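Visitor: Coordinates in model.tsv, TSV, N, CA and C atoms and all ligand atoms, are listed below.
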```tsv
chain	number	residue	atom	x	y	z
A	1	MET	N	26.52	1.22	15.89
A	1	MET	CA	25.09	1.25	15.55
A	1	MET	C	24.32	2.04	16.60
A	2	ALA	N	23.42	2.84	16.14
A	2	ALA	CA	22.62	3.67	17.05
A	2	ALA	C	21.70	2.80	17.92
A	3	THR	N	21.51	3.24	19.13
A	3	THR	CA	20.65	2.47	20.02
A	3	THR	C	19.17	2.77	19.75
A	4	ALA	N	18.90	3.95	19.26
A	4	ALA	CA	17.51	4.28	18.99
A	4	ALA	C	17.39	4.87	17.59
A	5	THR	N	16.58	4.26	16.79
A	5	THR	CA	16.37	4.79	15.46
A	5	THR	C	14.88	5.03	15.25
A	6	VAL	N	14.58	6.16	14.73
A	6	VAL	CA	13.18	6.45	14.39
A	6	VAL	C	13.10	6.51	12.89
A	7	SER	N	12.27	5.67	12.34
A	7	SER	CA	12.20	5.61	10.89
A	7	SER	C	11.44	6.80	10.34
A	8	THR	N	12.02	7.42	9.37
A	8	THR	CA	11.38	8.58	8.76
A	8	THR	C	11.00	8.31	7.32
A	9	THR	N	11.50	7.20	6.79
A	9	THR	CA	11.21	6.89	5.40
A	9	THR	C	9.79	6.37	5.26
A	10	LYS	N	9.20	6.71	4.15
A	10	LYS	CA	7.85	6.21	3.89
A	10	LYS	C	7.96	4.79	3.37
A	11	HIS	N	7.23	3.92	3.98
A	11	HIS	CA	7.24	2.54	3.49
A	11	HIS	C	5.87	1.92	3.70
A	12	LYS	N	5.67	0.82	3.05
A	12	LYS	CA	4.38	0.15	3.09
A	12	LYS	C	4.21	-0.74	4.32
A	13	HIS	N	5.21	-0.71	5.19
A	13	HIS	CA	5.16	-1.56	6.36
A	13	HIS	C	3.95	-1.22	7.22
A	14	ILE	N	3.29	-2.22	7.71
A	14	ILE	CA	2.09	-2.00	8.51
A	14	ILE	C	2.42	-2.07	10.00
A	15	ASP	N	2.09	-1.01	10.68
A	15	ASP	CA	2.44	-0.92	12.10
A	15	ASP	C	1.33	-1.39	13.03
A	16	ILE	N	0.24	-1.79	12.47
A	16	ILE	CA	-0.88	-2.25	13.30
A	16	ILE	C	-0.84	-3.77	13.35
A	17	LYS	N	-1.07	-4.28	14.55
A	17	LYS	CA	-1.07	-5.73	14.70
A	17	LYS	C	-2.40	-6.19	15.28
A	18	ARG	N	-2.63	-7.46	15.16
A	18	ARG	CA	-3.86	-8.03	15.74
A	18	ARG	C	-3.90	-7.76	17.24
A	19	ASN	N	-5.11	-7.48	17.72
A	19	ASN	CA	-5.37	-7.23	19.14
A	19	ASN	C	-4.88	-5.86	19.63
A	20	ASP	N	-4.32	-5.06	18.73
A	20	ASP	CA	-4.02	-3.68	19.10
A	20	ASP	C	-5.33	-2.94	19.34
A	21	THR	N	-5.26	-1.93	20.19
A	21	THR	CA	-6.40	-1.03	20.32
A	21	THR	C	-6.14	0.18	19.44
A	22	VAL	N	-7.07	0.46	18.57
A	22	VAL	CA	-6.89	1.59	17.66
A	22	VAL	C	-8.07	2.53	17.77
A	23	LYS	N	-7.82	3.77	17.37
A	23	LYS	CA	-8.88	4.75	17.33
A	23	LYS	C	-9.10	5.17	15.89
A	24	VAL	N	-10.36	5.24	15.51
A	24	VAL	CA	-10.70	5.65	14.16
A	24	VAL	C	-10.61	7.17	14.08
A	25	ILE	N	-9.85	7.68	13.10
A	25	ILE	CA	-9.66	9.13	13.03
A	25	ILE	C	-10.42	9.76	11.88
A	26	SER	N	-10.89	8.96	10.95
A	26	SER	CA	-11.73	9.55	9.91
A	26	SER	C	-12.71	8.52	9.38
A	27	GLY	N	-13.70	9.01	8.70
A	27	GLY	CA	-14.73	8.12	8.18
A	27	GLY	C	-15.97	8.16	9.03
A	28	ARG	N	-16.90	7.30	8.70
A	28	ARG	CA	-18.21	7.29	9.36
A	28	ARG	C	-18.08	7.07	10.86
A	29	ASP	N	-17.15	6.22	11.27
A	29	ASP	CA	-17.03	5.85	12.67
A	29	ASP	C	-15.89	6.56	13.38
A	30	ALA	N	-15.53	7.73	12.91
A	30	ALA	CA	-14.45	8.50	13.53
A	30	ALA	C	-14.72	8.70	15.01
A	31	GLY	N	-13.69	8.48	15.83
A	31	GLY	CA	-13.83	8.66	17.27
A	31	GLY	C	-14.01	7.35	18.01
A	32	LYS	N	-14.38	6.31	17.29
A	32	LYS	CA	-14.58	5.02	17.95
A	32	LYS	C	-13.24	4.33	18.20
A	33	GLU	N	-13.21	3.57	19.28
A	33	GLU	CA	-12.03	2.77	19.57
A	33	GLU	C	-12.40	1.30	19.55
A	34	GLY	N	-11.46	0.49	19.14
A	34	GLY	CA	-11.75	-0.93	19.13
A	34	GLY	C	-10.49	-1.75	18.99
A	35	ARG	N	-10.69	-3.03	19.11
A	35	ARG	CA	-9.59	-3.98	19.02
A	35	ARG	C	-9.48	-4.45	17.58
A	36	VAL	N	-8.25	-4.60	17.11
A	36	VAL	CA	-8.04	-5.06	15.74
A	36	VAL	C	-8.30	-6.57	15.66
A	37	LEU	N	-9.22	-6.93	14.80
A	37	LEU	CA	-9.58	-8.34	14.68
A	37	LEU	C	-8.78	-9.04	13.58
A	38	ARG	N	-8.62	-8.34	12.46
A	38	ARG	CA	-7.91	-8.95	11.33
A	38	ARG	C	-7.19	-7.88	10.53
A	39	ILE	N	-6.13	-8.31	9.88
A	39	ILE	CA	-5.35	-7.39	9.04
A	39	ILE	C	-5.26	-7.96	7.64
A	40	PHE	N	-5.46	-7.09	6.66
A	40	PHE	CA	-5.35	-7.50	5.27
A	40	PHE	C	-4.23	-6.70	4.62
A	41	PRO	N	-3.00	-7.21	4.72
A	41	PRO	CA	-1.82	-6.43	4.30
A	41	PRO	C	-1.86	-6.04	2.83
A	42	LYS	N	-2.42	-6.89	1.99
A	42	LYS	CA	-2.40	-6.59	0.55
A	42	LYS	C	-3.23	-5.36	0.21
A	43	THR	N	-4.33	-5.20	0.92
A	43	THR	CA	-5.19	-4.07	0.61
A	43	THR	C	-5.00	-2.92	1.60
A	44	GLY	N	-4.17	-3.16	2.63
A	44	GLY	CA	-3.95	-2.12	3.61
A	44	GLY	C	-5.18	-1.82	4.44
A	45	ARG	N	-5.97	-2.84	4.67
A	45	ARG	CA	-7.20	-2.64	5.43
A	45	ARG	C	-7.24	-3.55	6.65
A	46	ILE	N	-8.06	-3.16	7.59
A	46	ILE	CA	-8.20	-3.96	8.81
A	46	ILE	C	-9.66	-4.06	9.22
A	47	LEU	N	-9.92	-5.05	10.06
A	47	LEU	CA	-11.22	-5.16	10.69
A	47	LEU	C	-11.06	-4.76	12.15
A	48	VAL	N	-11.89	-3.84	12.60
A	48	VAL	CA	-11.84	-3.40	13.99
A	48	VAL	C	-13.17	-3.71	14.66
A	49	GLU	N	-13.06	-4.28	15.83
A	49	GLU	CA	-14.24	-4.69	16.57
A	49	GLU	C	-15.18	-3.50	16.81
A	50	HIS	N	-16.45	-3.68	16.49
A	50	HIS	CA	-17.50	-2.67	16.69
A	50	HIS	C	-17.33	-1.42	15.84
A	51	VAL	N	-16.46	-1.49	14.84
A	51	VAL	CA	-16.27	-0.33	13.98
A	51	VAL	C	-16.74	-0.67	12.57
A	52	MET	N	-17.43	0.24	11.95
A	52	MET	CA	-18.02	0.06	10.62
A	52	MET	C	-18.88	-1.21	10.57
A	53	VAL	N	-19.74	-1.30	11.54
A	53	VAL	CA	-20.62	-2.46	11.60
A	53	VAL	C	-21.74	-2.29	10.58
A	54	VAL	N	-21.92	-3.31	9.80
A	54	VAL	CA	-23.02	-3.31	8.84
A	54	VAL	C	-23.97	-4.43	9.18
A	55	LYS	N	-25.21	-4.22	8.87
A	55	LYS	CA	-26.22	-5.25	9.12
A	55	LYS	C	-26.33	-6.13	7.89
A	56	LYS	N	-26.28	-7.41	8.14
A	56	LYS	CA	-26.40	-8.35	7.03
A	56	LYS	C	-27.61	-9.23	7.24
A	57	HIS	N	-28.33	-9.43	6.17
A	57	HIS	CA	-29.47	-10.33	6.28
A	57	HIS	C	-28.97	-11.76	6.12
A	58	VAL	N	-29.37	-12.59	7.05
A	58	VAL	CA	-28.89	-13.97	7.05
A	58	VAL	C	-30.07	-14.91	6.80
A	59	ARG	N	-29.84	-15.83	5.91
A	59	ARG	CA	-30.87	-16.82	5.64
A	59	ARG	C	-30.82	-17.91	6.70
A	60	PRO	N	-31.98	-18.39	7.07
A	60	PRO	CA	-31.96	-19.49	8.05
A	60	PRO	C	-31.32	-20.74	7.44
A	61	ASN	N	-30.51	-21.40	8.22
A	61	ASN	CA	-29.89	-22.65	7.77
A	61	ASN	C	-29.97	-23.66	8.91
A	62	PRO	N	-31.02	-24.46	8.90
A	62	PRO	CA	-31.25	-25.38	10.03
A	62	PRO	C	-30.10	-26.37	10.22
A	63	GLN	N	-29.41	-26.76	9.14
A	63	GLN	CA	-28.30	-27.71	9.26
A	63	GLN	C	-27.16	-27.14	10.11
A	64	LYS	N	-26.94	-25.86	9.96
A	64	LYS	CA	-25.87	-25.22	10.73
A	64	LYS	C	-26.41	-24.52	11.97
A	65	ASN	N	-27.68	-24.73	12.22
A	65	ASN	CA	-28.33	-24.12	13.38
A	65	ASN	C	-28.25	-22.59	13.33
A	66	VAL	N	-28.37	-22.07	12.11
A	66	VAL	CA	-28.34	-20.61	11.95
A	66	VAL	C	-29.77	-20.11	11.80
A	67	LYS	N	-30.12	-19.20	12.65
A	67	LYS	CA	-31.44	-18.59	12.54
A	67	LYS	C	-31.38	-17.45	11.53
A	68	GLY	N	-32.44	-17.29	10.79
A	68	GLY	CA	-32.50	-16.18	9.85
A	68	GLY	C	-32.68	-14.87	10.58
A	69	GLY	N	-32.39	-13.80	9.88
A	69	GLY	CA	-32.59	-12.50	10.51
A	69	GLY	C	-31.49	-11.56	10.12
A	70	ILE	N	-31.22	-10.65	11.01
A	70	ILE	CA	-30.20	-9.65	10.71
A	70	ILE	C	-29.00	-9.86	11.63
A	71	ALA	N	-27.85	-10.01	11.02
A	71	ALA	CA	-26.62	-10.16	11.80
A	71	ALA	C	-25.77	-8.93	11.60
A	72	GLU	N	-25.00	-8.59	12.59
A	72	GLU	CA	-24.11	-7.45	12.46
A	72	GLU	C	-22.69	-7.92	12.23
A	73	GLN	N	-22.02	-7.23	11.33
A	73	GLN	CA	-20.67	-7.65	10.97
A	73	GLN	C	-19.81	-6.42	10.70
A	74	GLU	N	-18.58	-6.50	11.13
A	74	GLU	CA	-17.66	-5.40	10.87
A	74	GLU	C	-17.25	-5.42	9.40
A	75	SER	N	-17.01	-4.25	8.84
A	75	SER	CA	-16.42	-4.22	7.51
A	75	SER	C	-15.04	-3.56	7.57
A	76	ARG	N	-14.27	-3.81	6.54
A	76	ARG	CA	-12.86	-3.39	6.55
A	76	ARG	C	-12.73	-1.88	6.42
A	77	ILE	N	-11.77	-1.35	7.12
A	77	ILE	CA	-11.46	0.06	6.95
A	77	ILE	C	-9.97	0.21	6.64
A	78	ALA	N	-9.63	1.33	6.03
A	78	ALA	CA	-8.23	1.57	5.65
A	78	ALA	C	-7.38	1.82	6.88
A	79	ILE	N	-6.19	1.27	6.87
A	79	ILE	CA	-5.28	1.45	8.01
A	79	ILE	C	-4.98	2.94	8.24
A	80	SER	N	-4.98	3.71	7.16
A	80	SER	CA	-4.68	5.14	7.31
A	80	SER	C	-5.79	5.88	8.06
A	81	ASN	N	-6.92	5.24	8.27
A	81	ASN	CA	-8.01	5.88	8.99
A	81	ASN	C	-7.98	5.61	10.49
A	82	VAL	N	-6.97	4.87	10.95
A	82	VAL	CA	-6.89	4.59	12.38
A	82	VAL	C	-5.53	4.99	12.93
A	83	GLN	N	-5.50	5.19	14.24
A	83	GLN	CA	-4.24	5.42	14.94
A	83	GLN	C	-4.15	4.47	16.12
A	84	LEU	N	-2.95	4.00	16.35
A	84	LEU	CA	-2.73	3.13	17.48
A	84	LEU	C	-2.91	3.92	18.78
A	85	VAL	N	-3.51	3.27	19.78
A	85	VAL	CA	-3.77	3.96	21.03
A	85	VAL	C	-2.70	3.60	22.06
A	86	CYS	N	-2.04	4.62	22.59
A	86	CYS	CA	-1.07	4.43	23.67
A	86	CYS	C	-1.85	4.43	24.98
A	87	PRO	N	-1.56	3.50	25.90
A	87	PRO	CA	-2.32	3.42	27.15
A	87	PRO	C	-2.33	4.72	27.95
A	88	SER	N	-1.27	5.51	27.84
A	88	SER	CA	-1.26	6.75	28.63
A	88	SER	C	-1.57	8.01	27.83
A	89	CYS	N	-1.34	8.00	26.52
A	89	CYS	CA	-1.54	9.24	25.74
A	89	CYS	C	-2.79	9.22	24.88
A	90	GLY	N	-3.31	8.06	24.60
A	90	GLY	CA	-4.40	7.99	23.64
A	90	GLY	C	-3.85	7.71	22.25
A	91	PRO	N	-4.58	8.13	21.23
A	91	PRO	CA	-4.11	7.85	19.86
A	91	PRO	C	-2.84	8.61	19.55
A	92	VAL	N	-1.85	7.92	19.04
A	92	VAL	CA	-0.54	8.54	18.81
A	92	VAL	C	0.06	8.05	17.51
A	93	ARG	N	1.10	8.76	17.12
A	93	ARG	CA	1.92	8.27	16.01
A	93	ARG	C	2.91	7.25	16.58
A	94	ILE	N	3.27	6.32	15.72
A	94	ILE	CA	4.14	5.25	16.18
A	94	ILE	C	5.57	5.51	15.76
A	95	GLY	N	6.48	5.32	16.69
A	95	GLY	CA	7.89	5.38	16.36
A	95	GLY	C	8.48	3.98	16.49
A	96	HIS	N	9.73	3.87	16.11
A	96	HIS	CA	10.39	2.56	16.23
A	96	HIS	C	11.69	2.70	16.98
A	97	GLU	N	11.96	1.69	17.77
A	97	GLU	CA	13.22	1.67	18.50
A	97	GLU	C	13.77	0.27	18.49
A	98	GLU	N	15.09	0.21	18.54
A	98	GLU	CA	15.69	-1.10	18.63
A	98	GLU	C	15.99	-1.42	20.08
A	99	ARG	N	15.46	-2.52	20.52
A	99	ARG	CA	15.74	-2.99	21.87
A	99	ARG	C	16.47	-4.32	21.74
A	100	GLY	N	17.76	-4.25	22.00
A	100	GLY	CA	18.53	-5.46	21.79
A	100	GLY	C	18.54	-5.79	20.31
A	101	ASP	N	18.08	-6.99	19.99
A	101	ASP	CA	18.11	-7.36	18.58
A	101	ASP	C	16.72	-7.28	17.95
A	102	ARG	N	15.77	-6.70	18.69
A	102	ARG	CA	14.49	-6.60	18.01
A	102	ARG	C	13.96	-5.17	17.99
A	103	LYS	N	13.16	-4.93	16.99
A	103	LYS	CA	12.58	-3.62	16.81
A	103	LYS	C	11.21	-3.58	17.49
A	104	VAL	N	11.00	-2.56	18.25
A	104	VAL	CA	9.69	-2.45	18.90
A	104	VAL	C	9.02	-1.15	18.47
A	105	ARG	N	7.71	-1.13	18.64
A	105	ARG	CA	6.95	0.08	18.35
A	105	ARG	C	6.86	0.90	19.63
A	106	VAL	N	7.09	2.17	19.51
A	106	VAL	CA	7.01	3.03	20.69
A	106	VAL	C	6.07	4.19	20.40
A	107	CYS	N	5.52	4.73	21.49
A	107	CYS	CA	4.69	5.92	21.41
A	107	CYS	C	5.59	7.11	21.13
A	108	LYS	N	5.24	7.91	20.14
A	108	LYS	CA	6.10	9.06	19.80
A	108	LYS	C	6.00	10.16	20.85
A	109	LYS	N	4.93	10.13	21.64
A	109	LYS	CA	4.77	11.16	22.67
A	109	LYS	C	5.55	10.84	23.94
A	110	CYS	N	5.29	9.65	24.51
A	110	CYS	CA	5.89	9.37	25.82
A	110	CYS	C	7.00	8.33	25.75
A	111	GLY	N	7.17	7.70	24.61
A	111	GLY	CA	8.25	6.75	24.45
A	111	GLY	C	7.99	5.36	24.99
A	112	THR	N	6.76	5.14	25.48
A	112	THR	CA	6.41	3.82	26.00
A	112	THR	C	6.42	2.79	24.88
A	113	THR	N	6.92	1.62	25.19
A	113	THR	CA	6.88	0.53	24.23
A	113	THR	C	5.45	0.06	24.03
A	114	LEU	N	5.04	-0.05	22.80
A	114	LEU	CA	3.67	-0.48	22.52
A	114	LEU	C	3.59	-1.95	22.16
A	115	ASP	N	4.72	-2.63	22.19
A	115	ASP	CA	4.72	-4.07	21.98
A	115	ASP	C	4.93	-4.75	23.32
A	116	LYS	N	4.35	-5.92	23.44
A	116	LYS	CA	4.53	-6.66	24.70
A	116	LYS	C	5.91	-7.28	24.74
A	201	ZN	ZN	2.30	7.47	25.07
```
What do you get writing this file as structure tokens?
Guide:
Amino acid sequence: MATATVSTTKHKHIDIKRNDTVKVISGRDAGKEGRVLRIFPKTGRILVEHVMVVKKHVRPNPQKNVKGGIAEQESRIAISNVQLVCPSCGPVRIGHEERGDRKVRVCKKCGTTLDK
């Protein structure tokens, strides 16, 4: 068995995980970086902190101690619009390598493991 395999097949597997730092590469917020808050695998979308923030009008709810006004909330963006950020290279394509019995994500540029 090969020690290093880079997957070339197209698949629906999602390479972004919660708490990853990603950079937006297209869309209204292109160029922004943020932390991944949530992943929606079925729709292929994610929520990224401070990215695609929309203002929502909130009704006051005294029972929940919610003040009325305008709240800001992230909206979902397509995973294809972001790239994972390598600590040394910036936004990069992700490769895969087998380390022992587990598969890790690696930076395609410098080969650094992007999983803890
Ligand atoms: Zn790198």
Visitor: When the cut-off is 8 Å and you count only N, CA and C atoms and all ligand atoms, which residues lie near ligand ZN 201 (chain A), shown as number ranges by chain?
Guide: A: 85-92, 106-113
Visitor: Show which residues sit within 8 Å of A:Leu84, as a list in words. Count only C-alpha atoms, and ignore same-chain residues fewer than 3 positions away.
Guide: Ile16, Asp20, Thr21, Val22, Lys23, Pro91, Val92, Arg93 and Ile94 of chain A
Visitor: Choose the residue, out of A:Asn61, A:Lys32, A:Gln83, A:Val51, that has the smallest atom-to-atom separation from A:Ile14; count only C-alpha atoms.
Guide: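 Checking each candidate against A:Ile14, we get A:Gln83 as the closest.
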Visitor: Would you work out the distance separating atom CA of A:Val104 from atom CA of A:Arg18, expressed in Å to one decimal?
Guide: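 Going from atom CA of A:Val104 over to atom CA of A:Arg18, I get 15.0 Å.
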Visitor: What is the atom C of A:Val82 to atom N of A:Asn19 distance in Å?
Guide: 13.4 Å
Visitor: Among stretch 4-110 of chain A, which ones does DSSP assign to strand (DSSP E) (computed from the backbone)? Answer as number ranges by chain.
Guide: A: 21-24, 33-40, 45-48, 53-58, 69-74, 77-78, 82-86, 90-92, 94-99, 102-107
Visitor: Excluding A:Lys55 and residues on its chain fewer than 3 positions from it, collect all residues at most 6 Å away from it, counting all atoms listed in the file, and give them as a list in words.
Guide: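 Near A:Lys55, the qualifying residues are Ile70, Ala71, Glu72 and Gln73 of chain A.
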Visitor: Rounded to one decimal place, report the atom C of A:Lys116-atom CA of A:Arg38 distance in Å.
Guide: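 Atom-to-atom, atom C of A:Lys116 and atom CA of A:Arg38 are spaced 19.3 Å apart.
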Visitor: Using only N, CA and C atoms, can you list as number ranges by chain the residues within 8 Å of (-10.8, -4.8, 6.4)?
Guide: A: 38-40, 43-48, 74-79
Visitor: Mind dumping the selected residues with N, CA and C atoms as a CSV table (one decimal), keeping the file's coordinate frame?
Guide:
```csv
chain,number,residue,atom,x,y,z
A,38,ARG,N,-8.6,-8.3,12.5
A,38,ARG,CA,-7.9,-9.0,11.3
A,38,ARG,C,-7.2,-7.9,10.5
A,39,ILE,N,-6.1,-8.3,9.9
A,39,ILE,CA,-5.4,-7.4,9.0
A,39,ILE,C,-5.3,-8.0,7.6
A,40,PHE,N,-5.5,-7.1,6.7
A,40,PHE,CA,-5.4,-7.5,5.3
A,40,PHE,C,-4.2,-6.7,4.6
A,43,THR,N,-4.3,-5.2,0.9
A,43,THR,CA,-5.2,-4.1,0.6
A,43,THR,C,-5.0,-2.9,1.6
A,44,GLY,N,-4.2,-3.2,2.6
A,44,GLY,CA,-4.0,-2.1,3.6
A,44,GLY,C,-5.2,-1.8,4.4
A,45,ARG,N,-6.0,-2.8,4.7
A,45,ARG,CA,-7.2,-2.6,5.4
A,45,ARG,C,-7.2,-3.6,6.6
A,46,ILE,N,-8.1,-3.2,7.6
A,46,ILE,CA,-8.2,-4.0,8.8
A,46,ILE,C,-9.7,-4.1,9.2
A,47,LEU,N,-9.9,-5.0,10.1
A,47,LEU,CA,-11.2,-5.2,10.7
A,47,LEU,C,-11.1,-4.8,12.2
A,48,VAL,N,-11.9,-3.8,12.6
A,48,VAL,CA,-11.8,-3.4,14.0
A,48,VAL,C,-13.2,-3.7,14.7
A,74,GLU,N,-18.6,-6.5,11.1
A,74,GLU,CA,-17.7,-5.4,10.9
A,74,GLU,C,-17.2,-5.4,9.4
A,75,SER,N,-17.0,-4.2,8.8
A,75,SER,CA,-16.4,-4.2,7.5
A,75,SER,C,-15.0,-3.6,7.6
A,76,ARG,N,-14.3,-3.8,6.5
A,76,ARG,CA,-12.9,-3.4,6.6
A,76,ARG,C,-12.7,-1.9,6.4
A,77,ILE,N,-11.8,-1.4,7.1
A,77,ILE,CA,-11.5,0.1,7.0
A,77,ILE,C,-10.0,0.2,6.6
A,78,ALA,N,-9.6,1.3,6.0
A,78,ALA,CA,-8.2,1.6,5.6
A,78,ALA,C,-7.4,1.8,6.9
A,79,ILE,N,-6.2,1.3,6.9
A,79,ILE,CA,-5.3,1.4,8.0
A,79,ILE,C,-5.0,2.9,8.2
```
Visitor: From the options A:Asp101, A:Asp115, A:Glu49, A:Asp15, which residue's atoms come nearest to A:Leu37, counting only N, CA and C atoms?
Guide: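 Closest residue, counting only N, CA and C atoms: A:Glu49.
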Visitor: Using only N, CA and C atoms, pick whichever of A:Val66, A:Ala30, A:Leu114, A:Val36 has the shortest atom-to-atom distance to A:Asn81.
Guide: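 Closest candidate: A:Ala30.
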Visitor: Identify, on the basis of all atoms listed in the file, every residue whose closest approach to A:Gly69 does not exceed 7 Å; exclude the query and any residue fewer than 5 positions from it along the same chain; express the result as a ChimeraX atom specification.
Guide: /A:56-60
Visitor: Quick one: what's the axis-aligned box for stretch 71-90 of chain A, all listed atoms, 5 Å on every side, centre and edges in Å to one decimal, as AutoDock Vina command-line options?
Guide:
```
--center_x -14.5 --center_y -0.5 --center_z 17.1 --size_x 36.8 --size_y 29.4 --size_z 33.0
```
Visitor: Please rebuild stretch 64-72 of chain A with all heavy atoms and return the result as a PDB file, in the frame of the given file.
Guide:
```
ATOM      1  N   LYS A  64     -26.940 -25.860   9.960  1.00  0.00           N
ATOM      2  CA  LYS A  64     -25.870 -25.220  10.730  1.00  0.00           C
ATOM      3  C   LYS A  64     -26.410 -24.520  11.970  1.00  0.00           C
ATOM      4  O   LYS A  64     -25.685 -23.779  12.645  1.00  0.00           O
ATOM      5  CB  LYS A  64     -25.131 -24.182   9.856  1.00  0.00           C
ATOM      6  CG  LYS A  64     -24.246 -24.817   8.807  1.00  0.00           C
ATOM      7  CD  LYS A  64     -23.541 -23.728   8.020  1.00  0.00           C
ATOM      8  CE  LYS A  64     -22.690 -24.324   6.910  1.00  0.00           C
ATOM      9  NZ  LYS A  64     -22.245 -23.292   5.974  1.00  0.00           N
ATOM     10  N   ASN A  65     -27.680 -24.730  12.220  1.00  0.00           N
ATOM     11  CA  ASN A  65     -28.330 -24.120  13.380  1.00  0.00           C
ATOM     12  C   ASN A  65     -28.250 -22.590  13.330  1.00  0.00           C
ATOM     13  O   ASN A  65     -28.068 -21.929  14.342  1.00  0.00           O
ATOM     14  CB  ASN A  65     -27.714 -24.662  14.688  1.00  0.00           C
ATOM     15  CG  ASN A  65     -28.669 -24.461  15.855  1.00  0.00           C
ATOM     16  OD1 ASN A  65     -29.885 -24.345  15.651  1.00  0.00           O
ATOM     17  ND2 ASN A  65     -28.131 -24.403  17.056  1.00  0.00           N
ATOM     18  N   VAL A  66     -28.370 -22.070  12.110  1.00  0.00           N
ATOM     19  CA  VAL A  66     -28.340 -20.610  11.950  1.00  0.00           C
ATOM     20  C   VAL A  66     -29.770 -20.110  11.800  1.00  0.00           C
ATOM     21  O   VAL A  66     -30.512 -20.575  10.931  1.00  0.00           O
ATOM     22  CB  VAL A  66     -27.502 -20.215  10.709  1.00  0.00           C
ATOM     23  CG1 VAL A  66     -27.592 -18.707  10.460  1.00  0.00           C
ATOM     24  CG2 VAL A  66     -26.054 -20.633  10.898  1.00  0.00           C
ATOM     25  N   LYS A  67     -30.120 -19.200  12.650  1.00  0.00           N
ATOM     26  CA  LYS A  67     -31.440 -18.590  12.540  1.00  0.00           C
ATOM     27  C   LYS A  67     -31.380 -17.450  11.530  1.00  0.00           C
ATOM     28  O   LYS A  67     -30.382 -16.737  11.437  1.00  0.00           O
ATOM     29  CB  LYS A  67     -31.857 -18.020  13.903  1.00  0.00           C
ATOM     30  CG  LYS A  67     -32.441 -19.065  14.829  1.00  0.00           C
ATOM     31  CD  LYS A  67     -32.975 -18.377  16.083  1.00  0.00           C
ATOM     32  CE  LYS A  67     -33.375 -19.411  17.116  1.00  0.00           C
ATOM     33  NZ  LYS A  67     -33.629 -18.770  18.411  1.00  0.00           N
ATOM     34  N   GLY A  68     -32.440 -17.290  10.790  1.00  0.00           N
ATOM     35  CA  GLY A  68     -32.500 -16.180   9.850  1.00  0.00           C
ATOM     36  C   GLY A  68     -32.680 -14.870  10.580  1.00  0.00           C
ATOM     37  O   GLY A  68     -33.030 -14.842  11.756  1.00  0.00           O
ATOM     38  N   GLY A  69     -32.390 -13.800   9.880  1.00  0.00           N
ATOM     39  CA  GLY A  69     -32.590 -12.500  10.510  1.00  0.00           C
ATOM     40  C   GLY A  69     -31.490 -11.560  10.120  1.00  0.00           C
ATOM     41  O   GLY A  69     -30.916 -11.670   9.040  1.00  0.00           O
ATOM     42  N   ILE A  70     -31.220 -10.650  11.010  1.00  0.00           N
ATOM     43  CA  ILE A  70     -30.200  -9.650  10.710  1.00  0.00           C
ATOM     44  C   ILE A  70     -29.000  -9.860  11.630  1.00  0.00           C
ATOM     45  O   ILE A  70     -29.130  -9.922  12.840  1.00  0.00           O
ATOM     46  CB  ILE A  70     -30.782  -8.235  10.882  1.00  0.00           C
ATOM     47  CG1 ILE A  70     -31.876  -8.000   9.828  1.00  0.00           C
ATOM     48  CG2 ILE A  70     -29.696  -7.171  10.754  1.00  0.00           C
ATOM     49  CD1 ILE A  70     -32.724  -6.788  10.084  1.00  0.00           C
ATOM     50  N   ALA A  71     -27.850 -10.010  11.020  1.00  0.00           N
ATOM     51  CA  ALA A  71     -26.620 -10.160  11.800  1.00  0.00           C
ATOM     52  C   ALA A  71     -25.770  -8.930  11.600  1.00  0.00           C
ATOM     53  O   ALA A  71     -25.822  -8.292  10.552  1.00  0.00           O
ATOM     54  CB  ALA A  71     -25.863 -11.398  11.351  1.00  0.00           C
ATOM     55  N   GLU A  72     -25.000  -8.590  12.590  1.00  0.00           N
ATOM     56  CA  GLU A  72     -24.110  -7.450  12.460  1.00  0.00           C
ATOM     57  C   GLU A  72     -22.690  -7.920  12.230  1.00  0.00           C
ATOM     58  O   GLU A  72     -22.237  -8.886  12.814  1.00  0.00           O
ATOM     59  CB  GLU A  72     -24.181  -6.588  13.720  1.00  0.00           C
ATOM     60  CG  GLU A  72     -25.557  -5.991  13.896  1.00  0.00           C
ATOM     61  CD  GLU A  72     -25.568  -4.821  14.860  1.00  0.00           C
ATOM     62  OE1 GLU A  72     -24.716  -4.805  15.752  1.00  0.00           O
ATOM     63  OE2 GLU A  72     -26.423  -3.938  14.699  1.00  0.00           O
TER      64      GLU A  72
END
```
